[in-house]
Each structure stands twice: as C-alpha cells, then as structure tokens.
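**Q** Just one file: data_2.tsv, with TSV, C-alpha atoms.
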```tsv
chain	number	residue	atom	x	y	z
A	20	MET	CA	59.06	9.79	-103.45
A	21	ASN	CA	62.13	10.66	-105.52
A	22	SER	CA	64.93	8.12	-105.19
A	23	THR	CA	67.42	11.00	-105.06
A	24	PHE	CA	66.23	11.66	-101.51
A	25	THR	CA	67.55	8.30	-100.27
A	26	SER	CA	70.77	8.31	-102.27
A	27	THR	CA	74.27	8.02	-100.87
A	28	ASN	CA	74.83	11.50	-102.22
A	29	PHE	CA	72.45	12.97	-99.63
A	30	ILE	CA	74.32	11.32	-96.75
A	31	GLU	CA	77.67	12.40	-98.16
A	32	GLN	CA	76.49	16.00	-98.35
A	33	PHE	CA	75.11	15.86	-94.83
A	34	LEU	CA	78.27	14.37	-93.32
A	35	SER	CA	80.78	16.46	-95.25
A	36	GLN	CA	83.20	18.51	-93.16
A	37	ASP	CA	82.34	21.55	-95.24
A	38	ASN	CA	78.64	21.18	-94.38
A	39	PHE	CA	79.42	20.95	-90.67
A	40	GLN	CA	81.61	24.03	-90.95
A	41	ARG	CA	78.77	25.98	-92.60
A	42	ALA	CA	76.38	24.69	-89.96
A	43	TYR	CA	78.66	25.93	-87.19
A	44	GLU	CA	78.93	29.35	-88.81
A	45	LYS	CA	75.14	29.72	-88.98
A	46	VAL	CA	74.70	28.65	-85.36
A	47	ALA	CA	77.53	30.93	-84.19
A	48	LEU	CA	76.03	33.87	-86.06
A	49	LYS	CA	72.84	33.66	-83.96
A	50	ARG	CA	74.81	33.78	-80.69
A	51	GLY	CA	72.33	31.62	-78.80
A	52	CYS	CA	72.71	30.63	-75.16
A	53	ALA	CA	74.34	27.48	-73.84
A	54	GLY	CA	72.31	24.31	-73.44
A	55	THR	CA	72.13	21.84	-70.58
A	56	ASP	CA	75.85	20.99	-70.90
A	57	GLU	CA	76.67	24.70	-70.24
A	58	GLN	CA	78.94	24.79	-73.31
A	59	THR	CA	78.75	28.18	-75.03
A	60	ILE	CA	79.52	28.94	-78.66
A	61	ASP	CA	82.80	30.52	-77.54
A	62	ASP	CA	83.69	27.35	-75.64
A	63	PHE	CA	83.03	25.20	-78.72
A	64	SER	CA	85.10	27.60	-80.85
A	65	GLN	CA	88.21	27.17	-78.70
A	66	ASN	CA	89.18	23.98	-80.55
A	67	LEU	CA	86.87	24.42	-83.49
A	68	SER	CA	88.47	22.11	-86.03
A	69	LEU	CA	88.86	19.27	-83.55
A	70	ASN	CA	85.39	19.71	-82.08
A	71	LEU	CA	83.71	19.76	-85.50
A	72	THR	CA	85.63	16.69	-86.66
A	73	GLN	CA	84.76	14.75	-83.51
A	74	LEU	CA	81.11	15.78	-83.72
A	75	ARG	CA	80.87	14.83	-87.38
A	76	ASN	CA	82.55	11.46	-86.73
A	77	GLN	CA	80.17	10.69	-83.85
A	78	VAL	CA	77.19	11.27	-86.15
A	79	ALA	CA	78.75	9.16	-88.92
A	80	GLU	CA	79.59	6.30	-86.57
A	81	GLY	CA	76.22	6.34	-84.79
A	82	SER	CA	77.65	7.19	-81.37
A	83	TYR	CA	76.21	10.72	-81.29
A	84	GLN	CA	73.55	11.22	-78.61
A	85	PRO	CA	71.61	14.49	-78.27
A	86	GLN	CA	71.21	16.03	-74.81
A	87	PRO	CA	67.93	17.12	-73.22
A	88	CYS	CA	66.83	20.63	-74.14
A	89	LYS	CA	67.21	23.51	-71.74
A	90	GLN	CA	63.96	25.09	-70.51
A	91	VAL	CA	63.90	28.86	-71.04
A	92	PHE	CA	61.00	31.28	-70.60
A	93	ILE	CA	60.71	34.53	-72.53
A	94	PRO	CA	58.13	37.26	-71.83
A	95	LYS	CA	54.99	37.66	-73.95
A	96	LEU	CA	52.28	40.27	-73.85
A	97	ARG	CA	49.73	40.41	-71.02
A	98	GLU	CA	52.40	39.32	-68.55
A	99	LYS	CA	52.47	35.84	-70.03
A	100	TRP	CA	55.52	33.70	-70.71
A	101	ARG	CA	56.48	31.54	-73.67
A	102	GLU	CA	58.45	28.37	-73.09
A	103	LEU	CA	61.43	27.66	-75.33
A	104	LYS	CA	63.37	24.41	-75.39
A	105	ILE	CA	66.98	25.11	-76.30
A	106	PRO	CA	69.27	22.31	-77.54
A	107	THR	CA	72.99	22.33	-76.76
A	108	VAL	CA	75.40	24.04	-79.15
A	109	ARG	CA	76.54	20.66	-80.43
A	110	ASP	CA	72.98	19.53	-81.11
A	111	ARG	CA	72.17	22.81	-82.85
A	112	ILE	CA	75.14	22.35	-85.17
A	113	VAL	CA	74.08	18.82	-86.16
A	114	GLN	CA	70.50	19.97	-86.69
A	115	GLN	CA	71.72	22.85	-88.85
A	116	ALA	CA	73.90	20.46	-90.86
A	117	LEU	CA	70.82	18.35	-91.65
A	118	LEU	CA	68.75	21.45	-92.32
A	119	ASN	CA	71.32	22.62	-94.89
A	120	VAL	CA	70.71	19.57	-97.09
A	121	LEU	CA	67.10	18.64	-96.25
A	122	ALA	CA	65.52	22.10	-96.55
A	123	PRO	CA	66.19	22.49	-100.31
A	124	ILE	CA	64.61	19.08	-100.93
A	125	ALA	CA	61.59	19.91	-98.81
A	126	GLU	CA	61.24	23.33	-100.42
A	127	ARG	CA	60.67	21.73	-103.82
A	128	GLN	CA	57.73	19.78	-102.41
A	129	PHE	CA	56.14	22.42	-100.21
A	130	SER	CA	52.90	24.02	-101.31
A	131	ARG	CA	52.71	27.65	-102.39
A	132	VAL	CA	50.01	28.24	-99.72
A	133	SER	CA	52.46	28.09	-96.78
A	134	PHE	CA	54.55	31.16	-95.97
A	135	ALA	CA	56.33	30.62	-92.63
A	136	TYR	CA	59.96	29.57	-92.19
A	137	ARG	CA	60.68	29.52	-95.93
A	138	PRO	CA	63.28	31.38	-98.01
A	139	ASN	CA	62.09	34.50	-99.82
A	140	ARG	CA	58.67	34.31	-98.13
A	141	SER	CA	57.31	36.28	-95.20
A	142	TYR	CA	54.12	37.10	-93.34
A	143	LEU	CA	53.73	40.12	-95.65
A	144	ASP	CA	53.53	37.79	-98.65
A	145	ALA	CA	50.74	35.93	-96.85
A	146	VAL	CA	48.93	39.22	-96.25
A	147	GLN	CA	49.25	40.06	-99.95
A	148	GLU	CA	47.78	36.67	-100.84
A	149	VAL	CA	44.74	37.42	-98.68
A	150	ILE	CA	44.24	40.67	-100.58
A	151	ARG	CA	44.62	38.93	-103.92
A	152	TRP	CA	41.85	36.42	-103.23
A	153	ARG	CA	39.65	39.01	-101.58
A	154	ASP	CA	39.77	41.06	-104.77
A	155	ARG	CA	38.68	37.98	-106.72
A	156	GLY	CA	35.49	37.60	-104.71
A	157	PHE	CA	36.56	35.27	-101.89
A	158	HIS	CA	34.93	37.22	-99.06
A	159	TRP	CA	33.93	34.49	-96.60
A	160	VAL	CA	36.68	33.62	-94.15
A	161	LEU	CA	37.56	30.76	-91.83
A	162	ASP	CA	39.98	32.40	-89.40
A	163	ALA	CA	41.66	29.39	-87.78
A	164	ASP	CA	44.16	28.67	-85.04
A	165	ILE	CA	45.54	25.26	-84.08
A	166	VAL	CA	45.70	24.43	-80.37
A	167	GLU	CA	49.32	24.36	-79.11
A	168	TYR	CA	50.57	23.23	-82.50
A	169	PHE	CA	54.25	22.64	-81.72
A	170	ASP	CA	53.42	20.86	-78.46
A	171	GLN	CA	50.77	18.57	-79.99
A	172	ILE	CA	52.66	17.18	-83.00
A	173	ASN	CA	52.44	13.38	-82.99
A	174	HIS	CA	55.88	11.79	-83.34
A	175	ALA	CA	54.77	8.74	-85.33
A	176	ILE	CA	52.80	10.87	-87.79
A	177	LEU	CA	55.70	13.31	-88.12
A	178	LEU	CA	58.18	10.57	-88.97
A	179	ARG	CA	55.70	9.17	-91.50
A	180	GLU	CA	55.51	12.57	-93.16
A	181	VAL	CA	59.30	13.00	-93.10
A	182	ARG	CA	59.60	9.72	-95.05
A	183	ASN	CA	57.91	11.47	-97.96
A	184	PHE	CA	61.00	13.66	-98.17
A	185	ILE	CA	63.87	11.42	-97.10
A	186	ASP	CA	63.34	7.72	-96.41
A	187	TYR	CA	66.68	6.91	-94.83
A	188	PRO	CA	66.71	5.03	-91.48
A	189	GLY	CA	69.70	6.88	-90.06
A	190	ILE	CA	68.13	10.29	-90.68
A	191	LEU	CA	64.77	9.20	-89.29
A	192	CYS	CA	66.45	7.88	-86.12
A	193	LEU	CA	68.32	11.16	-85.75
A	194	ILE	CA	65.12	13.20	-85.98
A	195	LYS	CA	63.35	10.84	-83.59
A	196	ALA	CA	66.16	11.30	-81.06
A	197	TRP	CA	65.90	15.10	-81.26
A	198	ILE	CA	62.14	15.23	-80.75
A	199	SER	CA	62.12	12.58	-78.02
A	200	VAL	CA	65.09	13.74	-75.96
A	201	GLY	CA	62.98	15.64	-73.46
A	202	ILE	CA	63.56	18.83	-71.50
A	203	SER	CA	65.64	19.55	-68.42
A	204	THR	CA	63.72	21.41	-65.70
A	205	ASN	CA	64.31	22.18	-62.04
A	206	LYS	CA	62.28	19.04	-61.34
A	207	GLY	CA	64.48	16.84	-63.52
A	208	VAL	CA	64.28	15.68	-67.14
A	209	LEU	CA	60.75	15.46	-68.54
A	210	SER	CA	60.27	13.01	-71.39
A	211	ALA	CA	58.65	14.16	-74.64
A	212	GLU	CA	55.98	11.78	-75.88
A	213	LYS	CA	54.65	14.31	-78.36
A	214	GLY	CA	55.50	17.75	-79.69
A	215	ILE	CA	58.65	19.28	-81.12
A	216	PRO	CA	60.85	21.75	-79.21
A	217	GLN	CA	60.27	25.42	-79.98
A	218	GLY	CA	63.80	26.74	-79.99
A	219	ALA	CA	65.38	23.85	-81.91
A	220	VAL	CA	66.98	24.64	-85.27
A	221	ILE	CA	65.18	21.81	-87.07
A	222	SER	CA	61.69	22.44	-85.63
A	223	PRO	CA	60.40	25.05	-88.14
A	224	LEU	CA	61.15	22.70	-91.05
A	225	LEU	CA	59.49	19.78	-89.25
A	226	ALA	CA	56.46	21.96	-88.51
A	227	ASN	CA	56.01	22.67	-92.22
A	228	ILE	CA	56.58	19.03	-93.18
A	229	TYR	CA	53.88	17.94	-90.73
A	230	LEU	CA	51.24	20.11	-92.45
A	231	ASN	CA	52.47	19.66	-96.03
A	232	ASP	CA	49.83	17.08	-96.94
A	233	PHE	CA	47.18	19.33	-95.35
A	234	ASP	CA	48.42	22.24	-97.48
A	235	HIS	CA	48.29	20.27	-100.73
A	236	ARG	CA	44.91	18.75	-99.95
A	237	PHE	CA	43.20	22.11	-99.55
A	238	SER	CA	45.13	23.86	-102.32
A	239	GLN	CA	43.58	21.37	-104.76
A	240	ILE	CA	40.03	22.52	-103.93
A	241	ASP	CA	39.25	25.31	-106.41
A	242	SER	CA	36.40	26.76	-104.33
A	243	LEU	CA	38.67	27.30	-101.30
A	244	LYS	CA	41.85	29.34	-100.85
A	245	LEU	CA	44.21	28.43	-98.01
A	246	ILE	CA	46.80	30.88	-96.68
A	247	ARG	CA	48.90	29.39	-93.87
A	248	TYR	CA	51.61	30.92	-91.71
A	249	ALA	CA	52.83	28.27	-89.25
A	250	ASP	CA	49.80	27.32	-87.10
A	251	ASP	CA	47.86	30.46	-88.02
A	252	PHE	CA	45.83	30.17	-91.22
A	253	LEU	CA	42.86	31.42	-93.19
A	254	ILE	CA	40.61	29.66	-95.66
A	255	LEU	CA	38.68	31.91	-98.03
A	256	ALA	CA	35.54	31.06	-100.00
A	257	ARG	CA	32.91	32.82	-102.10
A	258	THR	CA	29.85	31.60	-100.20
A	259	GLU	CA	28.82	30.98	-96.61
A	260	TRP	CA	27.94	27.37	-97.43
A	261	GLU	CA	31.40	26.72	-98.89
A	262	ILE	CA	33.16	28.16	-95.84
A	263	SER	CA	30.94	26.15	-93.47
A	264	GLU	CA	31.83	23.00	-95.39
A	265	ALA	CA	35.48	23.99	-95.22
A	266	TYR	CA	35.29	24.27	-91.42
A	267	SER	CA	34.11	20.66	-91.23
A	268	ARG	CA	36.77	19.46	-93.66
A	269	VAL	CA	39.52	21.25	-91.74
A	270	GLU	CA	38.45	19.71	-88.44
A	271	LYS	CA	38.46	16.21	-89.93
A	272	SER	CA	41.80	16.72	-91.64
A	273	LEU	CA	43.47	18.06	-88.51
A	274	HIS	CA	41.93	15.28	-86.42
A	275	SER	CA	43.75	12.76	-88.64
A	276	LEU	CA	46.96	14.57	-87.65
A	277	ALA	CA	46.09	14.45	-83.92
A	278	LEU	CA	45.45	18.22	-83.95
A	279	GLU	CA	42.42	20.36	-83.16
A	280	LEU	CA	41.22	23.91	-83.76
A	281	HIS	CA	41.16	26.42	-80.94
A	282	SER	CA	37.43	26.96	-80.32
A	283	ARG	CA	37.85	30.51	-79.00
A	284	LYS	CA	40.31	31.73	-81.61
A	285	THR	CA	38.69	30.06	-84.64
A	286	GLN	CA	35.73	31.76	-86.31
A	287	ILE	CA	33.78	32.04	-89.54
A	288	THR	CA	33.68	35.68	-90.55
A	289	HIS	CA	33.49	37.99	-93.56
A	290	PHE	CA	35.45	40.96	-94.85
A	291	GLU	CA	32.44	43.17	-94.08
A	292	ARG	CA	32.65	42.14	-90.44
A	293	GLY	CA	36.42	42.37	-90.24
A	294	PHE	CA	39.13	40.19	-88.72
A	295	ARG	CA	42.82	40.21	-87.89
A	296	PHE	CA	45.56	38.05	-89.35
A	297	LEU	CA	49.35	38.22	-88.92
A	298	GLY	CA	49.33	41.59	-87.23
A	299	HIS	CA	47.00	43.22	-89.76
A	300	GLY	CA	43.37	44.28	-89.60
A	301	PHE	CA	41.07	43.52	-92.55
A	302	LEU	CA	37.78	45.39	-92.91
A	303	GLU	CA	35.91	45.51	-96.22
A	304	GLN	CA	38.47	46.99	-98.66
A	305	ALA	CA	40.69	48.40	-95.92
A	306	ILE	CA	43.82	46.75	-94.56
A	307	PHE	CA	46.05	48.24	-91.88
A	308	PRO	CA	48.86	47.13	-89.57
A	309	LEU	CA	47.98	46.46	-85.95
A	310	GLU	CA	51.60	46.00	-84.91
A	311	SER	CA	54.75	48.00	-85.48
A	312	ALA	CA	57.43	46.74	-87.84
A	313	SER	CA	59.74	46.14	-84.90
A	314	SER	CA	57.39	43.46	-83.58
A	315	SER	CA	56.63	41.87	-86.94
A	316	GLN	CA	58.28	38.63	-85.90
A	317	SER	CA	55.85	38.27	-83.00
A	318	GLU	CA	52.67	38.42	-85.03
A	319	SER	CA	51.28	35.28	-83.37
A	320	GLU	CA	51.26	36.94	-79.93
A	321	GLU	CA	47.95	38.27	-78.65
A	322	LEU	CA	47.43	42.01	-78.49
A	323	THR	CA	45.71	43.81	-75.68
A	324	GLU	CA	42.52	45.66	-76.61
A	325	LYS	CA	44.24	48.93	-75.72
A	326	THR	CA	47.10	48.23	-78.13
A	327	VAL	CA	44.70	47.22	-80.90
A	328	LYS	CA	42.70	50.43	-80.53
A	329	LYS	CA	45.82	52.57	-80.39
A	330	ASN	CA	47.23	51.06	-83.58
A	331	PHE	CA	43.87	51.19	-85.33
A	332	PHE	CA	43.34	54.91	-84.79
A	333	HIS	CA	46.98	55.57	-85.68
A	334	SER	CA	46.35	53.77	-88.98
A	335	LEU	CA	43.14	55.70	-89.74
A	336	ALA	CA	45.11	58.80	-90.70
A	337	GLN	CA	46.98	56.80	-93.34
A	338	ILE	CA	43.87	54.99	-94.55
A	339	SER	CA	41.58	58.01	-94.66
A	340	GLU	CA	43.00	59.49	-97.86
A	341	LYS	CA	42.54	56.21	-99.73
A	342	ILE	CA	38.96	55.87	-98.52
A	343	ARG	CA	38.15	59.53	-99.34
A	344	THR	CA	39.46	58.93	-102.86
A	345	LYS	CA	37.46	55.77	-103.35
A	346	PHE	CA	34.32	57.00	-101.54
A	347	PRO	CA	34.36	60.82	-101.83
A	348	ILE	CA	32.20	62.67	-99.28
A	349	GLU	CA	29.99	65.29	-100.93
A	350	LYS	CA	29.87	68.35	-98.66
A	351	GLU	CA	27.74	71.44	-98.91
A	352	GLU	CA	29.39	74.83	-98.51
A	353	ASN	CA	27.96	75.30	-95.01
A	354	ALA	CA	28.39	71.64	-93.93
A	355	ASP	CA	29.78	70.94	-90.49
A	356	SER	CA	33.53	70.26	-90.75
A	357	SER	CA	33.13	67.43	-88.25
A	358	GLU	CA	31.30	65.23	-90.79
A	359	THR	CA	34.52	63.71	-92.08
A	360	PHE	CA	35.59	62.85	-88.55
A	361	LYS	CA	32.17	61.31	-87.88
A	362	PHE	CA	32.56	59.13	-90.94
A	363	PHE	CA	35.85	57.67	-89.75
A	364	PHE	CA	34.66	57.38	-86.17
A	365	SER	CA	31.75	55.34	-87.54
A	366	LEU	CA	34.22	53.13	-89.38
A	367	ALA	CA	36.22	52.59	-86.19
A	368	SER	CA	33.08	51.85	-84.18
A	369	HIS	CA	31.98	49.38	-86.85
A	370	TRP	CA	35.31	47.56	-86.56
A	371	PHE	CA	35.39	47.30	-82.77
A	372	SER	CA	31.75	46.33	-82.46
A	373	ARG	CA	31.99	43.52	-85.02
A	374	ALA	CA	35.59	42.32	-85.21
A	375	LYS	CA	36.64	39.48	-82.94
A	376	PHE	CA	39.98	39.63	-81.12
```
Can the structure from this file be put into structure tokens for me?

**A**
Amino acid sequence: MNSTFTSTNFIEQFLSQDNFQRAYEKVALKRGCAGTDEQTIDDFSQNLSLNLTQLRNQVAEGSYQPQPCKQVFIPKLREKWRELKIPTVRDRIVQQALLNVLAPIAERQFSRVSFAYRPNRSYLDAVQEVIRWRDRGFHWVLDADIVEYFDQINHAILLREVRNFIDYPGILCLIKAWISVGISTNKGVLSAEKGIPQGAVISPLLANIYLNDFDHRFSQIDSLKLIRYADDFLILARTEWEISEAYSRVEKSLHSLALELHSRKTQITHFERGFRFLGHGFLEQAIFPLESASSSQSESEELTEKTVKKNFFHSLAQISEKIRTKFPIEKEENADSSETFKFFFSLASHWFSRAKF
C-alpha cells in the first residue's frame, strides 16, 4: 500500500469546497430523482452555497449520517423488473466527492483485464480483447456469470479490499455507513447485511475494487486470459484441460469472496460452438452484434430468443461479404442461385443448434 493513500493530502482534497462543488455539478448533470427525504436537485440548488458548506462541514465534523436508499423498480426484458436503490441527493453528492479523489488512485491499481465503469474503457474494448486472444489461439472459453453480484458482496471483505487503496478510518466508516444504511420500502426500512446498492454513485467503483485481487490473480496466469465486464466475464485458454482447470480455480477464488457462479448461465464452450458476450455473438471467426447501439448500456440484460434470431439474421447480410471473401464459394455456370443462401442458412442453423443463450 502506498503511504500517499493515507496522507492528509487525500483528506484535504476530499473535503475541499471545490471538490464538493464539482461533485454537486456531476450529480446535478444526471438529473436523478429525489431520495427518501424527497429533496430534489432543484430543492438543494435553492441555497446551493449554504447547503454545500453545511454538508461538507457535517462530513468533516463526523456528524453526517446517510439516509436509507429509496427503492425504485425499472423495467427489464421479458416483463421483468430490476431493483435500484437510490440514495438521497445529499448522499449522492458526498459519494461523488469521494469518488472524485478515490477513483484516480484506484485506477492506477486496477488490472487491464477489467473494462466496466472505468474511464476510456467500454464493453467494445472488452469485445476487441476477446478477438485479440482468439486470434492468438485461445479458443476454449469459460463463459461465466456471478450470481447476484451486487447483492452478494460481503461487507467485511469489501472493506478489507478497500484498505488496499485507502487505509483511513474515517473513509472506511463512511463507506461502511453507505453500504449498511438499508433500503426504504412500503414495509419499512430493510437493513443491508450484505450487498451494495445498485443506483449509488460509489457502487461501481466498489464493485471493481471487490474483484481487483481476482483480476490480478488470473491475469498472472499466462495460459489463461481473463476479460471481465462487471460481473460478466470470460476466461480463454488454448486447451480443454486448461479451461476445465480454470473453472475449478474460478469457483475456489470466488468462494473466498463469498460469491458463486450461476450454474445455468456459466458454461465451458468453444469458438466453434459459439457463445454470446456483452451483446455480441461469437462463432468461429465471425462476430456480430445481437443488440442495437441504443441498448448498448443494457448488455447484461437477457434477450428473448425471438430478439436474438432477429438480430442474428439482420447481421448475416453484413457478415456475408466478409465470409464470402475469406471462404469463396466456387459455383458452376448452371449452379442453383440458392446455394449461397443455403450456405448462410446452414451457418445460422449451426449457431442456434449449438449456441447457449
């Protein structure tokens, strides 16, 4: 651990009025809803200078107390709903103020194998990384998914991991208060003994911190290639034995973090069989989007079989020219013009008969 992370300079940066002003501006820009105290961003802005000063002083003096998160449900596909836990405007500002100074420190320690919630990185970079290792002969795939990742994060383990970045009691207590504050429902306030609130400003950073040791551990194994985007990740290997061993290692490593793999969504596969990752289909040398660009931020949501098929056949027209160039079809002068269609129909049938969704 670098001593800079526990220096007075860090606390001064965190508690500076300028930092709280920048934090407010970022929160206000997102125009989120009010929390359990019903205070909107516009309400907080009415006496902005006074409110920011009072909020900053409460944090500095130790009298600041976060409020329970507000329970909000947003629609998913297949008529399902996703629960969000929304902090108050005041809590979001304090979280953003800490994020402003902690994120750059964490970024210097994060592994190159993680791609979610990081500056200048996206799910498309993760997709490109898959292609890069595929082209180097890593064709066996562990397609993994962690069960209810955000909801299963162990608080004690999380705080232990945070200490690797900033070992300052006041900051650790602040984070503990945010993750333990609970959620306000129509049945009252439910305590939070584990998990971090999806919807909180600080949660994406904490999610990456929690798996940072996992990332580094597997990135040091030359025979395996990890590509992780939040709780959705792949491990690539050159042989079936290596990927089977990786499966066992991953289970043990996640077990030490009080996490487990989703048995239905986790599989050992191969590029010849095909699989999907971050809204893209992978089949042999082909790669194609299964979701539109407008829904790129919802790549973790499940797709219906109808949507998958629709997007696949839409993509075939774009892929066909590349495949014809790489694998030209020799045709006789009197050959049936439907042969080309049959070829691509065979490719589609191969995908849907072998790929797992």

**Q** Compile the contact shell of Ser199 of chain A as a ChimeraX atom specification: residues with an atom at most 8 Å away, counting only C-alpha atoms, same-chain residues fewer than 4 positions apart removed.

**A** /A:195,210-213

**Q** Could you tell me how far atom CA of Phe39 of chain A lies from atom CA of Asn227 of chain A, in Å and to one decimal?

**A** 23.5 Å

**Q** With only C-alpha atoms as the basis for distance, which of A:Gln114, A:Ser282, A:Gln65, A:Ser35 is at the shortest distance from Ala196 of chain A?

**A**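 Result for the nearest residue to Ala196 of chain A: A:Gln114.
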
**Q** Give the centre and edge lengths of an axis-aligned box, in Å to one decimal, that holds all listed atoms of segment 73-79 of chain A with 3 Å on each side, as AutoDock Vina command-line options.

**A**
```
--center_x 81.0 --center_y 12.5 --center_z -86.2 --size_x 13.6 --size_y 12.6 --size_z 11.4
```

**Q** For segment 139-150 of chain A, find every residue with an atom within 9 Å (counting all atoms listed in the file), except residues of its own chain fewer than 3 positions away, and show them as a ChimeraX atom specification.

**A** /A:132-136,153-155,244,246-248,253,255,296-299,304,306,315-316,318

**Q** Quick one: residues within 12 Å of Val269 of chain A, only C-alpha atoms counted, chain neighbours fewer than 5 positions away excluded, as an MDAnalysis selection string?

**A** chainID A and resid 161:165 230 233:234 236:237 243 245 252:254 262:264 274:276 278:280 285

**Q** Hey, could you make a per-residue contact list for segment 34-89 of chain A against segment 180-193 of chain A with 9 Å as the cut-off, showing the nearest pair of atoms and its distance in Å to one decimal, counting all atoms listed in the file, sorted by chain and number, as a Markdown table?

**A**
```
| residue | atom | partner | partner_atom | distance |
| --- | --- | --- | --- | --- |
| A:Val78 | CA | A:Leu193 | CA | 8.9 |
| A:Gly81 | CA | A:Gly189 | CA | 8.4 |
| A:Gln84 | CA | A:Leu193 | CA | 8.9 |
| A:Pro85 | CA | A:Leu193 | CA | 8.8 |
```

**Q** Atom CA of Glu291 of chain A and atom CA of Tyr168 of chain A are how many Å apart?

**A**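 Computing the Euclidean distance for atom CA of Glu291 of chain A and atom CA of Tyr168 of chain A yields 29.3 Å.
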
**Q** Quick one: distance from atom CA of Val200 of chain A to atom CA of Pro87 of chain A in Å, one decimal?

**A**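 Atom-to-atom, atom CA of Val200 of chain A and atom CA of Pro87 of chain A are spaced 5.2 Å apart.
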